[in-house]
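J.: For reference, the file structure09.cif (mmCIF, C-alpha atoms) is included below:
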data_final
#
loop_
_atom_site.group_PDB
_atom_site.id
_atom_site.type_symbol
_atom_site.label_atom_id
_atom_site.label_comp_id
_atom_site.auth_asym_id
_atom_site.auth_seq_id
_atom_site.Cartn_x
_atom_site.Cartn_y
_atom_site.Cartn_z
ATOM 1 C CA MET A 533 -77.596 11.342 125.774
ATOM 2 C CA ALA A 534 -77.325 8.690 123.063
ATOM 3 C CA ARG A 535 -80.074 8.566 120.466
ATOM 4 C CA GLY A 536 -82.845 6.018 120.845
ATOM 5 C CA THR A 537 -82.917 5.763 124.631
ATOM 6 C CA VAL A 538 -85.851 6.248 126.948
ATOM 7 C CA THR A 539 -85.216 7.743 130.352
ATOM 8 C CA ARG A 540 -86.295 7.535 133.953
ATOM 9 C CA SER A 541 -86.276 10.674 136.032
ATOM 10 C CA LEU A 542 -84.472 10.629 139.363
ATOM 11 C CA ALA A 543 -84.823 13.561 141.727
ATOM 12 C CA VAL A 544 -81.439 14.500 143.180
ATOM 13 C CA PRO A 545 -81.268 17.388 145.686
ATOM 14 C CA ASP A 546 -78.834 20.196 144.917
ATOM 15 C CA LEU A 547 -77.649 21.317 148.354
ATOM 16 C CA ARG A 548 -75.969 24.431 146.991
ATOM 17 C CA ARG A 549 -79.156 25.851 145.522
ATOM 18 C CA SER A 550 -81.746 24.002 147.629
ATOM 19 C CA SER A 551 -83.390 22.726 144.438
ATOM 20 C CA VAL A 552 -83.822 19.425 142.603
ATOM 21 C CA ILE A 553 -81.731 18.239 139.658
ATOM 22 C CA VAL A 554 -83.346 15.715 137.297
ATOM 23 C CA VAL A 555 -80.956 12.972 136.181
ATOM 24 C CA ARG A 556 -81.911 11.059 133.044
ATOM 25 C CA VAL A 557 -81.240 7.310 133.210
ATOM 26 C CA PRO A 558 -81.548 5.482 129.846
ATOM 27 C CA THR A 559 -83.308 2.106 129.622
ATOM 28 C CA HIS A 560 -83.520 -0.606 126.969
ATOM 29 C CA THR A 561 -87.325 -0.248 126.701
ATOM 30 C CA ASP A 562 -87.275 2.915 124.610
ATOM 31 C CA PRO A 563 -90.267 2.638 122.209
ATOM 32 C CA GLU A 564 -88.259 3.863 119.218
ATOM 33 C CA ARG A 565 -85.519 1.316 119.825
ATOM 34 C CA LEU A 566 -88.064 -1.489 120.202
ATOM 35 C CA ALA A 567 -89.819 -0.377 117.014
ATOM 36 C CA ALA A 568 -86.486 -0.642 115.219
ATOM 37 C CA VAL A 569 -85.950 -4.137 116.662
ATOM 38 C CA HIS A 570 -89.304 -5.349 115.340
ATOM 39 C CA ARG A 571 -88.801 -3.644 112.000
ATOM 40 C CA TYR A 572 -86.146 -6.206 111.058
ATOM 41 C CA HIS A 573 -88.368 -9.269 111.706
ATOM 42 C CA ILE A 574 -85.455 -11.154 113.258
ATOM 43 C CA LEU A 575 -86.883 -12.131 116.649
ATOM 44 C CA ASP A 576 -87.779 -15.834 116.745
ATOM 45 C CA ALA A 577 -86.777 -16.251 113.111
ATOM 46 C CA PRO A 578 -85.810 -19.862 112.252
ATOM 47 C CA ALA A 579 -82.089 -20.489 112.708
ATOM 48 C CA ASP A 580 -80.420 -20.291 109.305
ATOM 49 C CA GLY A 581 -76.798 -19.868 110.345
ATOM 50 C CA SER A 582 -76.597 -16.290 109.076
ATOM 51 C CA PHE A 583 -74.712 -15.045 112.128
ATOM 52 C CA ASP A 584 -72.962 -18.233 113.243
ATOM 53 C CA SER A 585 -69.691 -17.253 111.570
ATOM 54 C CA VAL A 586 -69.781 -13.893 113.359
ATOM 55 C CA ALA A 587 -70.083 -15.604 116.745
ATOM 56 C CA ARG A 588 -67.312 -18.090 115.905
ATOM 57 C CA THR A 589 -65.001 -15.324 114.743
ATOM 58 C CA ALA A 590 -65.620 -13.287 117.899
ATOM 59 C CA ALA A 591 -64.801 -16.300 120.086
ATOM 60 C CA LEU A 592 -61.648 -16.969 118.075
ATOM 61 C CA VAL A 593 -60.398 -13.384 118.286
ATOM 62 C CA PHE A 594 -60.895 -13.213 122.066
ATOM 63 C CA GLY A 595 -60.029 -16.836 122.784
ATOM 64 C CA THR A 596 -63.252 -17.292 124.754
ATOM 65 C CA PRO A 597 -65.360 -20.450 124.912
ATOM 66 C CA ILE A 598 -68.622 -18.571 124.361
ATOM 67 C CA ALA A 599 -69.792 -15.886 121.940
ATOM 68 C CA THR A 600 -73.294 -14.851 120.948
ATOM 69 C CA VAL A 601 -75.173 -12.494 118.661
ATOM 70 C CA THR A 602 -78.149 -11.129 120.560
ATOM 71 C CA ILE A 603 -81.220 -8.979 119.942
ATOM 72 C CA VAL A 604 -82.576 -7.180 123.016
ATOM 73 C CA ASP A 605 -86.381 -7.184 123.185
ATOM 74 C CA VAL A 606 -88.520 -5.536 125.856
ATOM 75 C CA ASP A 607 -88.377 -8.477 128.268
ATOM 76 C CA ARG A 608 -85.787 -10.879 126.851
ATOM 77 C CA VAL A 609 -82.415 -11.120 125.187
ATOM 78 C CA TRP A 610 -82.867 -13.399 122.164
ATOM 79 C CA PHE A 611 -79.912 -15.278 120.656
ATOM 80 C CA ALA A 612 -79.659 -14.888 116.887
ATOM 81 C CA ALA A 613 -76.467 -16.981 117.033
ATOM 82 C CA CYS A 614 -74.749 -18.832 119.825
ATOM 83 C CA HIS A 615 -71.267 -20.377 119.914
ATOM 84 C CA GLY A 616 -70.289 -22.522 122.879
ATOM 85 C CA LEU A 617 -73.718 -22.781 124.516
ATOM 86 C CA SER A 618 -76.324 -25.402 123.663
ATOM 87 C CA GLY A 619 -80.020 -25.436 124.371
ATOM 88 C CA VAL A 620 -80.193 -21.715 125.179
ATOM 89 C CA THR A 621 -82.277 -19.421 122.969
ATOM 90 C CA GLN A 622 -82.883 -16.432 125.223
ATOM 91 C CA ILE A 623 -82.261 -14.976 128.674
ATOM 92 C CA GLY A 624 -83.805 -12.188 130.729
ATOM 93 C CA THR A 625 -83.068 -8.487 130.464
ATOM 94 C CA GLU A 626 -81.495 -8.075 133.884
ATOM 95 C CA PRO A 627 -79.138 -5.071 133.871
ATOM 96 C CA GLY A 628 -75.408 -5.528 133.648
ATOM 97 C CA LEU A 629 -74.921 -7.430 130.391
ATOM 98 C CA CYS A 630 -76.701 -7.144 127.004
ATOM 99 C CA ALA A 631 -79.586 -5.016 128.269
ATOM 100 C CA SER A 632 -77.000 -2.513 129.496
ATOM 101 C CA ALA A 633 -74.659 -2.865 126.509
ATOM 102 C CA VAL A 634 -77.384 -1.655 124.102
ATOM 103 C CA LEU A 635 -77.409 1.650 125.953
ATOM 104 C CA GLN A 636 -73.809 2.324 124.918
ATOM 105 C CA ASP A 637 -72.328 3.568 121.661
ATOM 106 C CA ASP A 638 -69.001 1.855 122.287
ATOM 107 C CA VAL A 639 -67.856 -1.595 123.366
ATOM 108 C CA TYR A 640 -69.055 -2.540 126.850
ATOM 109 C CA VAL A 641 -66.516 -4.512 128.900
ATOM 110 C CA VAL A 642 -66.811 -6.376 132.193
ATOM 111 C CA ASN A 643 -63.363 -7.686 133.120
ATOM 112 C CA ASP A 644 -64.503 -9.593 136.221
ATOM 113 C CA GLY A 645 -68.216 -9.976 136.819
ATOM 114 C CA ALA A 646 -67.700 -11.235 140.350
ATOM 115 C CA ILE A 647 -66.447 -7.855 141.521
ATOM 116 C CA ASP A 648 -67.950 -5.463 138.972
ATOM 117 C CA PRO A 649 -70.880 -3.639 140.634
ATOM 118 C CA ARG A 650 -72.792 -3.654 137.340
ATOM 119 C CA THR A 651 -73.011 -7.457 137.241
ATOM 120 C CA LEU A 652 -72.882 -8.680 140.842
ATOM 121 C CA ASP A 653 -76.560 -9.665 140.870
ATOM 122 C CA HIS A 654 -76.859 -10.933 137.299
ATOM 123 C CA PRO A 655 -78.084 -14.566 137.059
ATOM 124 C CA LEU A 656 -75.293 -15.516 134.630
ATOM 125 C CA VAL A 657 -72.730 -14.316 137.164
ATOM 126 C CA ARG A 658 -74.338 -15.772 140.272
ATOM 127 C CA GLY A 659 -75.690 -18.913 138.617
ATOM 128 C CA GLU A 660 -74.296 -22.125 137.173
ATOM 129 C CA LEU A 661 -72.556 -20.471 134.227
ATOM 130 C CA GLY A 662 -70.345 -18.446 136.541
ATOM 131 C CA LEU A 663 -69.689 -15.639 134.052
ATOM 132 C CA ARG A 664 -66.639 -13.532 134.825
ATOM 133 C CA PHE A 665 -65.637 -11.860 131.567
ATOM 134 C CA TYR A 666 -67.998 -10.160 129.124
ATOM 135 C CA ALA A 667 -67.367 -7.805 126.221
ATOM 136 C CA ALA A 668 -70.069 -6.613 123.828
ATOM 137 C CA ALA A 669 -70.247 -4.323 120.817
ATOM 138 C CA PRO A 670 -73.690 -2.842 120.087
ATOM 139 C CA ILE A 671 -75.379 -3.614 116.766
ATOM 140 C CA ILE A 672 -76.250 -0.107 115.567
ATOM 141 C CA THR A 673 -78.638 0.618 112.683
ATOM 142 C CA GLY A 674 -78.065 3.333 110.123
ATOM 143 C CA ASP A 675 -80.534 5.576 111.952
ATOM 144 C CA GLY A 676 -78.753 5.142 115.287
ATOM 145 C CA HIS A 677 -80.789 2.498 117.105
ATOM 146 C CA ARG A 678 -78.949 -0.242 119.009
ATOM 147 C CA LEU A 679 -80.697 -3.557 118.414
ATOM 148 C CA GLY A 680 -78.499 -5.960 120.349
ATOM 149 C CA THR A 681 -74.886 -7.046 120.664
ATOM 150 C CA VAL A 682 -72.082 -9.204 119.393
ATOM 151 C CA ASN A 683 -70.504 -10.409 122.619
ATOM 152 C CA VAL A 684 -67.941 -12.792 124.064
ATOM 153 C CA ILE A 685 -68.109 -14.575 127.436
ATOM 154 C CA ASP A 686 -65.632 -16.438 129.636
ATOM 155 C CA ARG A 687 -65.710 -18.048 133.037
ATOM 156 C CA GLU A 688 -62.326 -16.481 133.810
ATOM 157 C CA PRO A 689 -61.507 -12.776 134.239
ATOM 158 C CA ARG A 690 -59.837 -11.198 131.206
ATOM 159 C CA GLU A 691 -58.335 -8.025 129.828
ATOM 160 C CA VAL A 692 -58.944 -6.784 126.292
ATOM 161 C CA THR A 693 -56.762 -5.231 123.625
ATOM 162 C CA ASP A 694 -57.489 -2.389 121.240
ATOM 163 C CA THR A 695 -57.360 -4.825 118.323
ATOM 164 C CA GLN A 696 -59.952 -7.062 119.939
ATOM 165 C CA ILE A 697 -62.205 -4.080 120.623
ATOM 166 C CA ALA A 698 -61.902 -2.916 117.002
ATOM 167 C CA THR A 699 -62.652 -6.407 115.694
ATOM 168 C CA LEU A 700 -65.729 -6.811 117.887
ATOM 169 C CA THR A 701 -67.017 -3.442 116.660
ATOM 170 C CA ALA A 702 -66.444 -4.507 113.054
ATOM 171 C CA LEU A 703 -68.316 -7.775 113.608
ATOM 172 C CA ALA A 704 -71.293 -5.871 115.031
ATOM 173 C CA GLY A 705 -71.215 -3.712 111.909
ATOM 174 C CA ILE A 706 -71.341 -6.847 109.739
ATOM 175 C CA VAL A 707 -74.461 -8.007 111.587
ATOM 176 C CA ALA A 708 -76.067 -4.585 111.112
ATOM 177 C CA ASP A 709 -75.321 -4.744 107.368
ATOM 178 C CA GLN A 710 -76.762 -8.261 107.104
ATOM 179 C CA LEU A 711 -79.906 -7.143 108.882
ATOM 180 C CA GLU A 712 -80.319 -4.289 106.393
ATOM 181 C CA LEU A 713 -79.958 -6.734 103.491
ATOM 182 C CA ARG A 714 -82.460 -9.047 105.135
ATOM 183 C CA LEU A 715 -84.937 -6.195 105.565
ATOM 184 C CA ALA A 716 -84.478 -5.092 101.945
ATOM 185 C CA ALA A 717 -85.152 -8.648 100.757
ATOM 186 C CA ILE A 718 -88.291 -8.928 102.893
ATOM 187 C CA GLN A 719 -89.581 -5.605 101.589
ATOM 188 C CA ALA A 720 -88.844 -6.573 97.982
ATOM 189 C CA VAL A 721 -90.715 -9.873 98.315
ATOM 190 C CA ARG A 722 -93.688 -8.170 99.953
ATOM 191 C CA ALA A 723 -93.770 -5.498 97.273
ATOM 192 C CA GLU A 724 -93.626 -8.124 94.533
ATOM 193 C CA ARG A 725 -96.426 -10.117 96.160
ATOM 194 C CA GLY A 726 -98.463 -6.960 96.505
ATOM 195 C CA LEU A 727 -98.001 -6.139 92.831
ATOM 196 C CA ASP A 728 -98.887 -9.676 91.823
ATOM 197 C CA GLU A 729 -102.004 -9.649 93.982
ATOM 198 C CA ALA A 730 -103.026 -6.228 92.685
ATOM 199 C CA SER A 731 -102.417 -7.359 89.121
ATOM 200 C CA GLY A 732 -104.448 -10.533 89.650
ATOM 201 C CA THR A 733 -107.310 -8.636 91.281
ATOM 202 C CA HIS A 734 -107.294 -6.073 88.488
ATOM 203 C CA ALA A 735 -107.309 -8.779 85.823
ATOM 204 C CA THR A 736 -110.238 -10.616 87.431
ATOM 205 C CA ALA A 737 -112.261 -7.422 87.854
ATOM 206 C CA SER A 738 -111.378 -6.351 84.332
ATOM 207 C CA ALA A 739 -112.581 -9.584 82.757
ATOM 208 C CA LYS A 740 -115.839 -9.545 84.733
ATOM 209 C CA LEU A 741 -116.532 -5.903 83.978
ATOM 210 C CA ALA A 742 -115.760 -6.248 80.290
ATOM 211 C CA GLY A 743 -118.339 -9.021 80.016
ATOM 212 C CA GLN A 744 -120.944 -6.937 81.807
ATOM 213 C CA LEU A 745 -120.224 -3.911 79.646
ATOM 214 C CA ARG A 746 -120.525 -5.849 76.422
ATOM 215 C CA HIS A 747 -123.824 -7.300 77.607
ATOM 216 C CA LEU A 748 -125.149 -3.814 78.363
ATOM 217 C CA ALA A 749 -123.786 -2.331 75.166
ATOM 218 C CA ALA A 750 -126.261 -4.274 73.041
ATOM 219 C CA GLY A 751 -129.185 -2.107 74.174
ATOM 220 C CA HIS A 752 -127.341 1.085 74.964
ATOM 221 C CA LEU A 753 -127.086 2.827 71.596
ATOM 222 C CA ASP A 754 -130.685 3.615 70.652
ATOM 223 C CA GLY A 755 -130.494 7.414 70.617
ATOM 224 C CA GLU A 756 -128.101 10.011 69.320
ATOM 225 C CA HIS A 757 -124.514 9.789 70.497
ATOM 226 C CA PRO A 758 -120.995 10.547 69.277
ATOM 227 C CA ARG A 759 -119.478 8.080 66.841
ATOM 228 C CA THR A 760 -116.108 7.762 68.581
ATOM 229 C CA CYS A 761 -114.955 7.386 72.186
ATOM 230 C CA GLN A 762 -114.747 10.587 74.242
ATOM 231 C CA LEU A 763 -112.316 9.177 76.827
ATOM 232 C CA GLY A 764 -109.091 9.254 74.878
ATOM 233 C CA LEU A 765 -106.840 11.024 77.377
ATOM 234 C CA SER A 766 -103.268 11.406 76.129
ATOM 235 C CA SER A 767 -104.414 10.947 72.518
ATOM 236 C CA PRO A 768 -107.820 10.795 70.766
ATOM 237 C CA CYS A 769 -109.548 7.421 70.734
ATOM 238 C CA ASP A 770 -111.090 6.456 67.388
ATOM 239 C CA ASN A 771 -112.857 3.350 68.682
ATOM 240 C CA PRO A 772 -116.644 3.353 68.285
ATOM 241 C CA VAL A 773 -118.674 4.168 71.408
ATOM 242 C CA GLU A 774 -120.560 1.384 73.151
ATOM 243 C CA VAL A 775 -121.636 2.690 76.591
ATOM 244 C CA LYS A 776 -122.115 5.890 78.525
ATOM 245 C CA VAL A 777 -120.361 6.406 81.872
ATOM 246 C CA ALA A 778 -121.027 9.066 84.500
ATOM 247 C CA ASP A 779 -119.904 10.179 87.926
ATOM 248 C CA PRO A 780 -121.938 11.311 90.962
ATOM 249 C CA TRP A 781 -121.511 14.963 89.974
ATOM 250 C CA GLY A 782 -123.430 14.436 86.735
ATOM 251 C CA ASP A 783 -120.519 14.524 84.317
ATOM 252 C CA SER A 784 -120.812 11.866 81.666
ATOM 253 C CA ALA A 785 -119.100 10.660 78.540
ATOM 254 C CA TRP A 786 -119.528 8.109 75.808
ATOM 255 C CA ALA A 787 -116.822 5.519 75.685
ATOM 256 C CA CYS A 788 -115.538 2.420 73.998
ATOM 257 C CA ILE A 789 -115.464 -0.744 76.092
ATOM 258 C CA GLN A 790 -111.751 -0.436 76.889
ATOM 259 C CA HIS A 791 -111.899 3.142 78.172
ATOM 260 C CA ALA A 792 -115.177 2.579 80.019
ATOM 261 C CA GLU A 793 -113.593 -0.412 81.725
ATOM 262 C CA ASP A 794 -110.487 1.603 82.682
ATOM 263 C CA VAL A 795 -112.371 4.547 84.134
ATOM 264 C CA ILE A 796 -114.818 2.389 86.134
ATOM 265 C CA ILE A 797 -112.026 0.316 87.653
ATOM 266 C CA ASN A 798 -109.715 3.248 88.428
ATOM 267 C CA GLU A 799 -112.356 5.833 89.390
ATOM 268 C CA ARG A 800 -114.471 4.005 91.937
ATOM 269 C CA SER A 801 -117.328 6.554 91.902
ATOM 270 C CA THR A 802 -117.897 6.213 88.138
ATOM 271 C CA PHE A 803 -120.759 4.037 86.897
ATOM 272 C CA ILE A 804 -122.662 3.159 83.751
ATOM 273 C CA ALA A 805 -125.132 5.945 82.948
ATOM 274 C CA ASP A 806 -128.482 5.937 81.245
ATOM 275 C CA GLN A 807 -128.301 6.802 77.562
ATOM 276 C CA LYS A 808 -130.479 9.890 77.860
ATOM 277 C CA LEU A 809 -129.779 10.994 81.419
ATOM 278 C CA ASN A 810 -126.588 11.876 83.206
ATOM 279 C CA GLY A 811 -125.776 9.562 86.048
ATOM 280 C CA LEU A 812 -126.623 12.023 88.807
ATOM 281 C CA GLU A 813 -129.965 12.926 87.244
ATOM 282 C CA ARG A 814 -130.916 9.270 87.040
ATOM 283 C CA TYR A 815 -129.878 8.761 90.659
ATOM 284 C CA LEU A 816 -131.913 11.753 91.863
ATOM 285 C CA ARG A 817 -135.020 10.659 89.949
ATOM 286 C CA ALA A 818 -134.765 7.160 91.407
ATOM 287 C CA ALA A 819 -134.296 8.634 94.892
ATOM 288 C CA LYS A 820 -137.438 10.758 94.503
ATOM 289 C CA ARG A 821 -139.413 7.716 93.486
ATOM 290 C CA ARG A 822 -138.227 5.805 96.525
ATOM 291 C CA ALA A 823 -139.051 8.756 98.800
ATOM 292 C CA ALA A 824 -142.595 8.968 97.391
ATOM 293 C CA GLY A 825 -143.296 5.492 98.698
ATOM 294 C CA PRO A 826 -145.900 2.932 97.574
ATOM 295 C CA ALA A 827 -148.389 5.617 96.469
ATOM 296 C CA LEU A 828 -146.369 5.926 93.256
ATOM 297 C CA THR A 829 -147.123 3.272 90.677
ATOM 298 C CA PRO A 830 -145.287 2.483 87.456
ATOM 299 C CA GLN A 831 -148.138 4.164 85.536
ATOM 300 C CA ASN A 832 -147.818 7.555 87.264
ATOM 301 C CA SER A 833 -144.055 7.555 87.815
#
Here is a file; write its structure as structure tokens.

T.:
Amino acid sequence: MARGTVTRSLAVPDLRRSSVIVVRVPTHTDPERLAAVHRYHILDAPADGSFDSVARTAALVFGTPIATVTIVDVDRVWFAACHGLSGVTQIGTEPGLCASAVLQDDVYVVNDGAIDPRTLDHPLVRGELGLRFYAAAPIITGDGHRLGTVNVIDREPREVTDTQIATLTALAGIVADQLELRLAAIQAVRAERGLDEASGTHATASAKLAGQLRHLAAGHLDGEHPRTCQLGLSSPCDNPVEVKVADPWGDSAWACIQHAEDVIINERSTFIADQKLNGLERYLRAAKRRAAGPALTPQNS
């Protein structure tokens, strides 16, 4: 069974063994295939002509009046490009055409839709269009999922040649490559925006925190303390200390403004500690006072 297909189970009796054989029938609604479709952010994207040349080339090679580039969603076949049809952006997923072609690894050919059992009931065959000929190559991603098709359509029955089949397959490969480039561009832009937003957020927080730290530093150096910063990591820091920082476990260190700022921003549980008490000790003493309730006054606390 081809990769990326979901299956329906049909019970078929085995008369020789008086048992049941389960036949797996693939469908276009496989969750992994649909996830791949949505990963490329192509459905309902504004028309930019990216695949128009592919559709025109397919029509030229086959000599057909109609060619399309389609993406098969769960309940519709969306046209990423359309040559020879106007005012049509999507059709249903009735079996027989694109919704069936995405279940194949190779080119799917209907020489005469009026007599082919796969397409007898399809609206494009029975309806005003009067489709007779259809050939489609699946658009296959690098990880094996078939997103849609590059296909050609005619109102007259046709035969195909090996060269035409090879060309249609190559055109589907071009679409797959363009989709990968599109996805890479989208991911690059999102990553860049994310970095910019993170950088902007960090800069804003940094400026605000630095101001707060410098305000606190004025009254933070009354007692004994080291002369230089204790938070030099890769190399010693010779900057004079200005504040004391601590974590919830009671570990504390004296730091210059720059290193105190870095550790508080990057280690969310770190906070400015009391000069004489580790952070955890101060927290526990404050918690005891709160637990004692209103009976405690500032004089006896």

J.: Might you pull out every residue within 12 Å of A:Gly676, with all atoms listed in the file counted and same-chain residues fewer than 2 positions away left off, and present them as a PyMOL selection string?

T.: chain A and resi 534-537+564-565+568-569+634-637+670-674+678-679+708

J.: For this structure, which residues satisfy the selection - the PyMOL selection byres ((chain A and resi 658-665) around 7) - when it is evaluated on the file as given? I want them as a PyMOL selection string.

T.: chain A and resi 642-646+653-657+666-667+685-690

J.: Which residues fall under the PyMOL selection byres ((chain A and resi 580-597) around 7) in this file, as an mmCIF file with C-alpha atoms, keeping the file's coordinate frame?

T.:
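Once everything was written out, this is result-v4.cif:
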data_model
loop_
_atom_site.group_PDB
_atom_site.id
_atom_site.type_symbol
_atom_site.label_atom_id
_atom_site.label_comp_id
_atom_site.auth_asym_id
_atom_site.auth_seq_id
_atom_site.Cartn_x
_atom_site.Cartn_y
_atom_site.Cartn_z
ATOM 1 C CA PRO A 578 -85.810 -19.862 112.252
ATOM 2 C CA ALA A 579 -82.089 -20.489 112.708
ATOM 3 C CA ILE A 598 -68.622 -18.571 124.361
ATOM 4 C CA ALA A 599 -69.792 -15.886 121.940
ATOM 5 C CA THR A 600 -73.294 -14.851 120.948
ATOM 6 C CA VAL A 601 -75.173 -12.494 118.661
ATOM 7 C CA ALA A 612 -79.659 -14.888 116.887
ATOM 8 C CA ALA A 613 -76.467 -16.981 117.033
ATOM 9 C CA CYS A 614 -74.749 -18.832 119.825
ATOM 10 C CA HIS A 615 -71.267 -20.377 119.914
ATOM 11 C CA GLY A 616 -70.289 -22.522 122.879
ATOM 12 C CA VAL A 684 -67.941 -12.792 124.064
ATOM 13 C CA ILE A 685 -68.109 -14.575 127.436
ATOM 14 C CA ASP A 686 -65.632 -16.438 129.636
ATOM 15 C CA GLN A 696 -59.952 -7.062 119.939
ATOM 16 C CA LEU A 700 -65.729 -6.811 117.887
ATOM 17 C CA LEU A 703 -68.316 -7.775 113.608
#

J.: Which residues are close to A:Arg759, i.e. within 9 Å by all atoms listed in the file, leaving aside same-chain residues fewer than 5 positions away? Reply as a list in words.

T.: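 Near A:Arg759, the qualifying residues are Asp770, Asn771, Pro772, Val773 and Trp786 of chain A.
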
J.: Evaluate the PyMOL selection byres ((chain A and resi 576) around 12) against this structure - the residues, as a PDB file with C-alpha atoms, in the frame of the given file, please.

T.:
ATOM      1  CA  VAL A 569     -85.950  -4.137 116.662  1.00  0.00           C
ATOM      2  CA  HIS A 570     -89.304  -5.349 115.340  1.00  0.00           C
ATOM      3  CA  TYR A 572     -86.146  -6.206 111.058  1.00  0.00           C
ATOM      4  CA  HIS A 573     -88.368  -9.269 111.706  1.00  0.00           C
ATOM      5  CA  ILE A 574     -85.455 -11.154 113.258  1.00  0.00           C
ATOM      6  CA  LEU A 575     -86.883 -12.131 116.649  1.00  0.00           C
ATOM      7  CA  ALA A 577     -86.777 -16.251 113.111  1.00  0.00           C
ATOM      8  CA  PRO A 578     -85.810 -19.862 112.252  1.00  0.00           C
ATOM      9  CA  ALA A 579     -82.089 -20.489 112.708  1.00  0.00           C
ATOM     10  CA  ASP A 580     -80.420 -20.291 109.305  1.00  0.00           C
ATOM     11  CA  THR A 602     -78.149 -11.129 120.560  1.00  0.00           C
ATOM     12  CA  ILE A 603     -81.220  -8.979 119.942  1.00  0.00           C
ATOM     13  CA  VAL A 604     -82.576  -7.180 123.016  1.00  0.00           C
ATOM     14  CA  ASP A 605     -86.381  -7.184 123.185  1.00  0.00           C
ATOM     15  CA  ARG A 608     -85.787 -10.879 126.851  1.00  0.00           C
ATOM     16  CA  VAL A 609     -82.415 -11.120 125.187  1.00  0.00           C
ATOM     17  CA  TRP A 610     -82.867 -13.399 122.164  1.00  0.00           C
ATOM     18  CA  PHE A 611     -79.912 -15.278 120.656  1.00  0.00           C
ATOM     19  CA  ALA A 612     -79.659 -14.888 116.887  1.00  0.00           C
ATOM     20  CA  ALA A 613     -76.467 -16.981 117.033  1.00  0.00           C
ATOM     21  CA  THR A 621     -82.277 -19.421 122.969  1.00  0.00           C
ATOM     22  CA  GLN A 622     -82.883 -16.432 125.223  1.00  0.00           C
TER      23      GLN A 622
END

J.: One decimal, Å: what's the distance from atom CA of A:Cys788 over to atom CA of A:Thr760, could you say?

T.: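 Taking atom CA of A:Cys788 and atom CA of A:Thr760, their separation equals 7.6 Å.
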
J.: To one decimal in Å, tell me the separation between atom CA of A:Thr625 and atom CA of A:Val692.

T.: 24.5 Å

J.: Hey, could you pull the box centre and edge lengths for stretch 707-716 of chain A, axis-aligned, 6 Å padding per side, all listed atoms, to one decimal in Å, as lines of an AutoDock Vina configuration file?

T.:
center_x = -79.7
center_y = -6.7
center_z = 106.8
size_x = 22.5
size_y = 16.8
size_z = 21.6

J.: Please report the interatomic distance between atom CA of A:Glu712 and atom CA of A:Leu617 in Å with one decimal.

T.: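 Between these atoms lies a distance of 26.7 Å.
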
J.: From the set A:Leu652, A:Val682, A:Val777, A:Ala704, which residue has the shortest atom-to-atom contact distance to A:Asp794, counting only C-alpha atoms?

T.: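 Using only C-alpha atoms, A:Asp794 sits closest to A:Val777.
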
J.: Compile the contact shell of A:Thr701 as a PDB file with C-alpha atoms, in the frame of the given file: residues with an atom at most 8 Å away, counting all atoms listed in the file, same-chain residues fewer than 4 positions apart removed.

T.:
ATOM      1  CA  ASP A 638     -69.001   1.855 122.287  1.00  0.00           C
ATOM      2  CA  VAL A 639     -67.856  -1.595 123.366  1.00  0.00           C
ATOM      3  CA  ALA A 669     -70.247  -4.323 120.817  1.00  0.00           C
ATOM      4  CA  PRO A 670     -73.690  -2.842 120.087  1.00  0.00           C
ATOM      5  CA  ILE A 697     -62.205  -4.080 120.623  1.00  0.00           C
ATOM      6  CA  GLY A 705     -71.215  -3.712 111.909  1.00  0.00           C
TER       7      GLY A 705
END

J.: Place N, CA, C and O atoms on stretch 612-618 of chain A and deliver the coordinates as a PDB file, in the coordinates of the input.

T.:
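Okay, rebuild39.pdb is ready:
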ATOM      1  N   ALA A 612     -79.622 -14.661 118.333  1.00  0.00           N
ATOM      2  CA  ALA A 612     -79.659 -14.888 116.887  1.00  0.00           C
ATOM      3  C   ALA A 612     -78.580 -15.873 116.463  1.00  0.00           C
ATOM      4  O   ALA A 612     -78.692 -16.519 115.417  1.00  0.00           O
ATOM      5  N   ALA A 613     -77.528 -15.989 117.255  1.00  0.00           N
ATOM      6  CA  ALA A 613     -76.467 -16.981 117.033  1.00  0.00           C
ATOM      7  C   ALA A 613     -75.803 -17.244 118.370  1.00  0.00           C
ATOM      8  O   ALA A 613     -75.716 -16.344 119.219  1.00  0.00           O
ATOM      9  N   CYS A 614     -75.344 -18.464 118.546  1.00  0.00           N
ATOM     10  CA  CYS A 614     -74.749 -18.832 119.825  1.00  0.00           C
ATOM     11  C   CYS A 614     -73.628 -19.843 119.597  1.00  0.00           C
ATOM     12  O   CYS A 614     -73.862 -20.913 119.031  1.00  0.00           O
ATOM     13  N   HIS A 615     -72.426 -19.485 120.013  1.00  0.00           N
ATOM     14  CA  HIS A 615     -71.267 -20.377 119.914  1.00  0.00           C
ATOM     15  C   HIS A 615     -70.819 -20.754 121.324  1.00  0.00           C
ATOM     16  O   HIS A 615     -70.557 -19.892 122.150  1.00  0.00           O
ATOM     17  N   GLY A 616     -70.778 -22.062 121.585  1.00  0.00           N
ATOM     18  CA  GLY A 616     -70.289 -22.522 122.879  1.00  0.00           C
ATOM     19  C   GLY A 616     -71.348 -22.750 123.923  1.00  0.00           C
ATOM     20  O   GLY A 616     -71.026 -23.155 125.046  1.00  0.00           O
ATOM     21  N   LEU A 617     -72.600 -22.484 123.607  1.00  0.00           N
ATOM     22  CA  LEU A 617     -73.718 -22.781 124.516  1.00  0.00           C
ATOM     23  C   LEU A 617     -74.753 -23.571 123.730  1.00  0.00           C
ATOM     24  O   LEU A 617     -75.074 -23.224 122.588  1.00  0.00           O
ATOM     25  N   SER A 618     -75.299 -24.600 124.332  1.00  0.00           N
ATOM     26  CA  SER A 618     -76.324 -25.402 123.663  1.00  0.00           C
ATOM     27  C   SER A 618     -77.617 -25.360 124.459  1.00  0.00           C
ATOM     28  O   SER A 618     -77.600 -25.298 125.683  1.00  0.00           O
TER      29      SER A 618
END
